[in-house]
>>> print(open('target_4.cif').read())   # mmCIF, C-alpha atoms
data_model
loop_
_atom_site.label_atom_id
_atom_site.label_comp_id
_atom_site.auth_asym_id
_atom_site.auth_seq_id
_atom_site.Cartn_x
_atom_site.Cartn_y
_atom_site.Cartn_z
CA ALA A 26 -24.24 -8.53 -15.55
CA GLN A 27 -20.60 -8.87 -16.35
CA SER A 28 -17.81 -7.96 -13.96
CA VAL A 29 -14.10 -8.51 -13.61
CA THR A 30 -11.96 -8.80 -10.47
CA GLN A 31 -8.23 -8.41 -10.25
CA LEU A 32 -7.32 -10.00 -6.98
CA ASP A 33 -4.02 -8.20 -6.38
CA SER A 34 -3.67 -4.44 -6.44
CA GLN A 35 0.12 -4.66 -6.28
CA VAL A 36 2.57 -7.43 -7.15
CA PRO A 37 6.28 -6.97 -6.36
CA VAL A 38 8.68 -9.44 -7.96
CA PHE A 39 12.40 -9.69 -8.50
CA GLU A 40 13.86 -9.25 -11.96
CA GLU A 41 14.03 -12.48 -13.97
CA ALA A 42 11.49 -14.15 -11.65
CA PRO A 43 8.19 -15.50 -13.01
CA VAL A 44 4.98 -13.61 -12.38
CA GLU A 45 1.26 -14.33 -12.48
CA LEU A 46 -1.37 -11.59 -12.36
CA ARG A 47 -4.78 -12.92 -11.47
CA CYS A 48 -8.07 -12.05 -13.10
CA ASN A 49 -11.52 -13.52 -12.51
CA TYR A 50 -14.67 -12.58 -14.33
CA SER A 51 -18.37 -13.19 -14.02
CA SER A 52 -20.80 -13.40 -16.89
CA SER A 53 -23.76 -15.57 -17.67
CA VAL A 54 -22.89 -15.77 -21.35
CA SER A 55 -19.78 -16.34 -23.40
CA VAL A 56 -17.07 -13.73 -23.05
CA TYR A 57 -14.16 -12.10 -24.75
CA LEU A 58 -11.20 -11.35 -22.48
CA PHE A 59 -8.36 -8.87 -22.72
CA TRP A 60 -5.21 -7.83 -20.91
CA TYR A 61 -3.92 -4.30 -21.31
CA VAL A 62 -0.76 -2.65 -19.97
CA GLN A 63 -0.37 0.99 -19.01
CA TYR A 64 3.10 2.46 -18.65
CA PRO A 65 3.50 5.66 -16.61
CA ASN A 66 1.96 8.69 -18.27
CA GLN A 67 0.74 6.70 -21.24
CA GLY A 68 -2.48 5.23 -22.53
CA LEU A 69 -3.29 1.53 -22.52
CA GLN A 70 -1.75 -0.99 -24.88
CA LEU A 71 -3.24 -4.37 -25.69
CA LEU A 72 -1.08 -7.29 -24.51
CA LEU A 73 -3.34 -10.11 -25.65
CA LYS A 74 -6.95 -11.13 -26.10
CA TYR A 75 -9.07 -14.25 -26.06
CA LEU A 76 -11.98 -14.39 -28.47
CA SER A 77 -12.33 -18.13 -29.12
CA GLY A 78 -10.30 -21.22 -29.90
CA SER A 79 -7.16 -22.21 -28.01
CA THR A 80 -7.43 -21.34 -24.35
CA LEU A 81 -3.73 -20.46 -24.14
CA VAL A 82 -3.16 -17.06 -25.65
CA LYS A 83 0.25 -15.62 -26.38
CA GLY A 84 0.76 -11.89 -26.46
CA ILE A 85 3.45 -9.31 -26.86
CA ASN A 86 6.53 -8.89 -24.68
CA GLY A 87 6.56 -12.58 -23.71
CA PHE A 88 3.24 -12.55 -21.85
CA GLU A 89 0.65 -15.28 -22.09
CA ALA A 90 -2.71 -15.97 -20.49
CA GLU A 91 -4.92 -18.98 -20.09
CA PHE A 92 -8.69 -18.89 -20.34
CA ASN A 93 -10.25 -21.23 -17.80
CA LYS A 94 -13.99 -21.38 -18.26
CA SER A 95 -14.70 -23.63 -15.27
CA GLN A 96 -12.84 -21.30 -12.91
CA THR A 97 -13.91 -18.15 -14.80
CA SER A 98 -10.33 -16.98 -14.80
CA PHE A 99 -7.91 -15.41 -17.26
CA HIS A 100 -4.59 -15.14 -15.42
CA LEU A 101 -1.65 -13.41 -17.05
CA ARG A 102 1.82 -14.97 -16.82
CA LYS A 103 5.38 -14.27 -17.79
CA PRO A 104 8.21 -16.72 -17.08
CA SER A 105 10.88 -14.08 -16.53
CA VAL A 106 10.18 -10.38 -15.96
CA HIS A 107 12.35 -7.39 -16.76
CA ILE A 108 12.60 -3.94 -15.25
CA SER A 109 10.82 -2.64 -18.33
CA ASP A 110 7.70 -4.63 -17.37
CA THR A 111 7.06 -2.22 -14.51
CA ALA A 112 3.57 -0.92 -15.27
CA GLU A 113 -0.08 -1.29 -14.38
CA TYR A 114 -1.94 -4.19 -15.92
CA PHE A 115 -5.67 -4.27 -16.58
CA CYS A 116 -7.87 -7.24 -17.27
CA ALA A 117 -11.05 -6.54 -19.21
CA VAL A 118 -14.14 -8.50 -20.21
CA LEU A 119 -16.71 -8.09 -22.93
CA SER A 120 -19.63 -10.48 -22.87
CA SER A 121 -21.24 -11.57 -26.11
CA SER A 122 -24.51 -9.99 -25.03
CA ALA A 123 -23.07 -6.71 -23.78
CA SER A 124 -21.88 -3.78 -25.73
CA LYS A 125 -19.13 -2.29 -23.62
CA ILE A 126 -15.90 -3.53 -22.15
CA ILE A 127 -15.57 -3.65 -18.36
CA PHE A 128 -12.11 -3.13 -16.91
CA GLY A 129 -10.73 -4.51 -13.68
CA SER A 130 -9.24 -2.22 -11.07
CA GLY A 131 -5.69 -2.91 -12.23
CA THR A 132 -2.60 -4.60 -10.80
CA ARG A 133 0.55 -2.59 -10.33
CA LEU A 134 3.58 -4.72 -11.16
CA SER A 135 6.83 -3.53 -9.63
CA ILE A 136 10.11 -5.18 -10.50
CA ARG A 137 12.98 -5.23 -8.02
CA PRO A 138 16.53 -5.54 -9.37
CA LYS B 30 0.35 4.52 -39.37
CA ALA B 31 -0.14 7.34 -36.89
CA GLY B 32 -1.62 6.39 -33.52
CA VAL B 33 -4.55 7.85 -31.63
CA THR B 34 -3.96 11.46 -30.74
CA GLN B 35 -5.66 13.42 -28.02
CA THR B 36 -5.61 17.15 -27.44
CA PRO B 37 -4.91 18.86 -25.23
CA ARG B 38 -2.70 16.64 -23.10
CA TYR B 39 -3.20 18.70 -19.96
CA LEU B 40 -5.99 21.02 -18.93
CA ILE B 41 -6.78 23.01 -15.81
CA LYS B 42 -10.28 24.35 -15.27
CA THR B 43 -12.33 25.69 -12.38
CA ARG B 44 -15.61 24.42 -11.04
CA GLY B 45 -18.61 25.39 -13.12
CA GLN B 46 -16.69 25.77 -16.36
CA GLN B 47 -17.07 23.49 -19.33
CA VAL B 48 -14.41 21.69 -21.32
CA THR B 49 -14.06 20.02 -24.71
CA LEU B 50 -11.57 17.26 -25.36
CA SER B 51 -10.61 16.04 -28.80
CA CYS B 52 -9.61 12.63 -30.14
CA SER B 53 -8.32 11.70 -33.58
CA PRO B 54 -8.52 7.95 -34.20
CA ILE B 55 -6.23 5.82 -36.27
CA SER B 56 -6.95 6.28 -39.96
CA GLY B 57 -9.66 3.85 -41.07
CA HIS B 58 -11.00 3.21 -37.59
CA ARG B 59 -14.69 3.96 -37.26
CA SER B 60 -15.27 3.28 -33.58
CA VAL B 61 -14.16 5.71 -30.90
CA SER B 62 -14.66 5.06 -27.18
CA TRP B 63 -14.04 7.35 -24.24
CA TYR B 64 -13.00 6.34 -20.74
CA GLN B 65 -12.47 8.16 -17.47
CA GLN B 66 -9.60 6.96 -15.30
CA THR B 67 -9.32 7.97 -11.65
CA PRO B 68 -7.39 6.44 -8.74
CA GLY B 69 -10.61 5.75 -6.86
CA GLN B 70 -12.92 4.47 -9.59
CA GLY B 71 -10.40 3.02 -12.01
CA LEU B 72 -11.24 2.89 -15.70
CA GLN B 73 -14.86 3.62 -16.46
CA PHE B 74 -16.52 3.57 -19.85
CA LEU B 75 -18.14 6.83 -20.87
CA PHE B 76 -19.49 6.22 -24.37
CA GLU B 77 -18.72 4.83 -27.79
CA TYR B 78 -19.34 6.37 -31.17
CA PHE B 79 -19.50 4.58 -34.48
CA SER B 80 -20.13 6.29 -37.80
CA GLU B 81 -21.22 9.51 -36.08
CA THR B 82 -23.77 7.71 -33.87
CA GLN B 83 -23.53 7.00 -30.19
CA ARG B 84 -23.62 3.22 -29.99
CA ASN B 85 -23.11 2.65 -26.28
CA LYS B 86 -23.19 4.73 -23.15
CA GLY B 87 -21.87 4.24 -19.62
CA ASN B 88 -23.37 5.40 -16.35
CA PHE B 89 -22.37 9.03 -16.32
CA PRO B 90 -24.57 12.09 -15.83
CA GLY B 91 -25.84 14.10 -18.75
CA ARG B 92 -23.10 16.69 -18.18
CA PHE B 93 -20.88 14.32 -20.11
CA SER B 94 -21.60 14.30 -23.81
CA GLY B 95 -19.81 13.54 -27.01
CA ARG B 96 -20.01 13.51 -30.73
CA GLN B 97 -18.24 12.07 -33.73
CA PHE B 98 -17.62 13.75 -37.03
CA SER B 99 -17.71 12.30 -40.52
CA ASN B 100 -13.92 11.85 -40.48
CA SER B 101 -14.30 9.76 -37.28
CA ARG B 102 -12.69 12.39 -35.09
CA SER B 103 -14.50 12.66 -31.80
CA GLU B 104 -14.98 15.23 -29.10
CA MET B 105 -16.27 14.90 -25.59
CA ASN B 106 -17.70 17.75 -23.59
CA VAL B 107 -18.15 18.11 -19.88
CA SER B 108 -20.33 20.96 -18.70
CA THR B 109 -20.59 22.48 -15.22
CA LEU B 110 -17.34 20.91 -14.07
CA GLU B 111 -17.11 19.46 -10.58
CA LEU B 112 -14.00 18.68 -8.53
CA GLY B 113 -14.70 14.99 -8.98
CA ASP B 114 -14.34 15.31 -12.75
CA SER B 115 -10.58 15.59 -12.30
CA ALA B 116 -9.26 12.54 -14.12
CA LEU B 117 -7.33 11.16 -17.04
CA TYR B 118 -9.67 10.93 -20.03
CA LEU B 119 -8.68 8.24 -22.48
CA CYS B 120 -9.85 7.80 -26.00
CA ALA B 121 -9.58 4.50 -27.87
CA SER B 122 -10.27 3.65 -31.48
CA SER B 123 -10.98 0.35 -33.16
CA LEU B 124 -11.96 -0.81 -36.61
CA LEU B 125 -15.50 -1.92 -35.96
CA ASP B 126 -16.55 -3.14 -32.54
CA GLY B 127 -15.50 -4.16 -29.08
CA THR B 128 -13.93 -7.43 -30.14
CA ASP B 129 -11.44 -5.57 -32.27
CA THR B 130 -8.25 -4.40 -30.67
CA GLN B 131 -8.71 -0.99 -29.11
CA TYR B 132 -5.84 1.42 -29.58
CA PHE B 133 -5.59 4.01 -26.84
CA GLY B 134 -4.36 7.56 -27.00
CA PRO B 135 -2.10 9.03 -24.30
CA GLY B 136 -5.04 10.72 -22.60
CA THR B 137 -5.96 14.21 -21.49
CA ARG B 138 -5.24 14.99 -17.85
CA LEU B 139 -8.04 17.27 -16.60
CA THR B 140 -7.65 19.04 -13.29
CA VAL B 141 -10.64 20.88 -11.85
CA LEU B 142 -9.86 23.47 -9.17
#
>>> encode(input="target_4.cif", output="structure tokens")
Amino acid sequence: AQSVTQLDSQVPVFEEAPVELRCNYSSSVSVYLFWYVQYPNQGLQLLLKYLSGSTLVKGINGFEAEFNKSQTSFHLRKPSVHISDTAEYFCAVLSSSASKIIFGSGTRLSIRP
Amino acid sequence: KAGVTQTPRYLIKTRGQQVTLSCSPISGHRSVSWYQQTPGQGLQFLFEYFSETQRNKGNFPGRFSGRQFSNSRSEMNVSTLELGDSALYLCASSLLDGTDTQYFGPGTRLTVL
């Protein structure tokens, strides 16, 4: 069965500092991986996704993530965060044999000025 | 292109009642998925419809049901409401399947008293 774990429920960082949000998954088959962002009182928006090919994926708003098959991880990074990045971030996995996406529990990113 | 719309945005019901939520996908999208989001359980997949057929289903009781119309609009129904059904219900549409980008609506906030 597939599952996804977001190791940090909250991550506080200072503005303009780098950030990494961690995501680990488990699946016995090949996977597709996603990061979504949810701003307050809004639905989710796709930041980036990994389907195949290059393991470094670039997304919107300056975010990127690296697929690491050996460590079963898909951590999200941004070199310099802004106040506007304050939101909840969800990692999600879809295995090639499954039919529905599984979401992690979310990481709340708070930016301090 | 208009985004995913959900109506109503907010709803208050009492235990035992039933409720119907509506979702209009992005024009041309044939897949509609529903999710329940709660602070305790996070984002949980309810079901997915494609071309008027339920393609996938999550682990929810039979009180939760849905349907999709020929224009891809979808409704979900919850009968015999319980306090624990209070949640944000999110709808997402995509072109074909789970590997496509899912576009989320703003959600319907259901409160059961």
>>> closest_residue(input="target_4.cif", among="B:Ser101, B:Pro90, B:Gly71, B:Trp63", to="Cys116 of chain A", atoms="all atoms listed in the file")
B:Gly71
>>> interface_residues(input="target_4.cif", of="chain A", to="chain B", cutoff="8 Å", atoms="only C-alpha atoms", output="list in words")
Tyr57, Asn66, Gln67, Gly68, Leu69, Gln70, Leu71, Leu76, Leu119, Ser124, Lys125, Ile126, Ile127, Phe128, Gly129, Ser130 and Gly131 of chain A
>>> closest_residue(input="target_4.cif", among="A:Thr30, A:Pro138, A:Gly78, A:Glu113", to="Val62 of chain A", atoms="only C-alpha atoms")
A:Glu113
>>> residues_around(input="target_4.cif", residues="Thr111 of chain A", least_positions_apart="3", cutoff="9 Å", atoms="all atoms listed in the file", output="list of chain:residue names")
A:Tyr64, A:Pro65, A:Val106, A:His107, A:Ile108, A:Arg133, A:Leu134, A:Ser135, A:Ile136
>>> atom_distance(input="target_4.cif", atom1="atom CA of Leu125 of chain B", atom2="atom CA of Lys74 of chain A")
16.0 Å
>>> resolve_selection(input="target_4.cif", expression="the PyMOL selection byres ((chain B and resi 48) around 9)", output="ChimeraX atom specification")
/B:40,42,46-47,49-50,105-110
>>> atom_distance(input="target_4.cif", atom1="atom CA of Gly57 of chain B", atom2="atom CA of Phe89 of chain B")
28.3 Å
>>> atom_distance(input="target_4.cif", atom1="atom CA of Ser51 of chain A", atom2="atom CA of Phe93 of chain B")
28.3 Å
>>> residues_around(input="target_4.cif", residues="Ser52 of chain A", least_positions_apart="2", cutoff="7 Å", atoms="only C-alpha atoms", output="JSON, numbers by chain")
{"A": [26, 27, 28, 50, 54, 120]}
>>> decode(input="target_4.cif", residues="segment 103-114 of chain A", atoms="all heavy atoms", output="tab-separated table (two decimals), in the first residue's frame")
chain	number	residue	atom	x	y	z
A	103	LYS	N	13.00	25.93	-1.11
A	103	LYS	CA	13.00	27.27	-1.71
A	103	LYS	C	14.18	28.01	-1.10
A	103	LYS	O	14.36	28.01	0.11
A	103	LYS	CB	11.69	28.01	-1.43
A	103	LYS	CG	11.60	29.35	-2.16
A	103	LYS	CD	10.21	29.96	-2.09
A	103	LYS	CE	10.18	31.26	-2.87
A	103	LYS	NZ	8.83	31.89	-2.90
A	104	PRO	N	15.01	28.64	-1.94
A	104	PRO	CA	16.23	29.28	-1.42
A	104	PRO	C	15.98	30.53	-0.59
A	104	PRO	O	16.80	30.87	0.27
A	104	PRO	CB	17.03	29.61	-2.69
A	104	PRO	CG	16.03	29.60	-3.79
A	104	PRO	CD	14.94	28.66	-3.40
A	105	SER	N	14.85	31.20	-0.81
A	105	SER	CA	14.59	32.44	-0.10
A	105	SER	C	13.07	32.64	-0.02
A	105	SER	O	12.43	32.85	-1.05
A	105	SER	CB	15.25	33.62	-0.82
A	105	SER	OG	14.91	34.84	-0.20
A	106	VAL	N	12.53	32.56	1.18
A	106	VAL	CA	11.06	32.63	1.30
A	106	VAL	C	10.58	34.06	1.51
A	106	VAL	O	11.32	34.92	1.99
A	106	VAL	CB	10.55	31.73	2.44
A	106	VAL	CG1	10.84	30.28	2.15
A	106	VAL	CG2	11.13	32.17	3.79
A	107	HIS	N	9.31	34.27	1.18
A	107	HIS	CA	8.67	35.57	1.36
A	107	HIS	C	7.46	35.39	2.26
A	107	HIS	O	6.94	34.29	2.42
A	107	HIS	CB	8.25	36.13	0.01
A	107	HIS	CG	9.38	36.27	-0.95
A	107	HIS	ND1	10.32	37.29	-0.87
A	107	HIS	CD2	9.75	35.50	-1.99
A	107	HIS	CE1	11.20	37.13	-1.84
A	107	HIS	NE2	10.89	36.05	-2.53
A	108	ILE	N	7.03	36.51	2.81
A	108	ILE	CA	5.83	36.48	3.67
A	108	ILE	C	4.68	35.81	2.96
A	108	ILE	O	3.90	35.07	3.55
A	108	ILE	CB	5.43	37.91	4.09
A	108	ILE	CG1	6.48	38.50	5.03
A	108	ILE	CG2	4.06	37.92	4.75
A	108	ILE	CD1	6.46	37.94	6.43
A	109	SER	N	4.58	36.03	1.67
A	109	SER	CA	3.47	35.49	0.89
A	109	SER	C	3.50	33.96	0.77
A	109	SER	O	2.54	33.35	0.31
A	109	SER	CB	3.46	36.09	-0.52
A	109	SER	OG	4.68	35.82	-1.17
A	110	ASP	N	4.60	33.34	1.18
A	110	ASP	CA	4.69	31.87	1.15
A	110	ASP	C	4.03	31.23	2.36
A	110	ASP	O	3.96	29.99	2.45
A	110	ASP	CB	6.15	31.43	1.07
A	110	ASP	CG	6.81	31.79	-0.24
A	110	ASP	OD1	6.13	31.72	-1.29
A	110	ASP	OD2	8.00	32.18	-0.22
A	111	THR	N	3.56	32.04	3.29
A	111	THR	CA	2.86	31.51	4.45
A	111	THR	C	1.63	30.75	4.00
A	111	THR	O	0.73	31.30	3.37
A	111	THR	CB	2.43	32.67	5.39
A	111	THR	OG1	3.59	33.34	5.85
A	111	THR	CG2	1.63	32.13	6.57
A	112	ALA	N	1.60	29.46	4.30
A	112	ALA	CA	0.52	28.58	3.81
A	112	ALA	C	0.76	27.19	4.37
A	112	ALA	O	1.74	26.93	5.07
A	112	ALA	CB	0.52	28.54	2.28
A	113	GLU	N	-0.14	26.28	4.01
A	113	GLU	CA	0.06	24.88	4.36
A	113	GLU	C	0.44	24.13	3.08
A	113	GLU	O	-0.14	24.36	2.02
A	113	GLU	CB	-1.19	24.26	4.97
A	113	GLU	CG	-0.96	22.87	5.54
A	113	GLU	CD	-1.88	22.54	6.70
A	113	GLU	OE1	-2.92	23.18	6.83
A	113	GLU	OE2	-1.53	21.61	7.48
A	114	TYR	N	1.41	23.25	3.21
A	114	TYR	CA	1.95	22.55	2.06
A	114	TYR	C	1.69	21.05	2.22
A	114	TYR	O	1.95	20.47	3.28
A	114	TYR	CB	3.44	22.83	1.93
A	114	TYR	CG	3.72	24.27	1.55
A	114	TYR	CD1	3.67	25.28	2.51
A	114	TYR	CD2	3.99	24.64	0.24
A	114	TYR	CE1	3.88	26.60	2.17
A	114	TYR	CE2	4.22	25.96	-0.11
A	114	TYR	CZ	4.15	26.93	0.87
A	114	TYR	OH	4.37	28.25	0.53
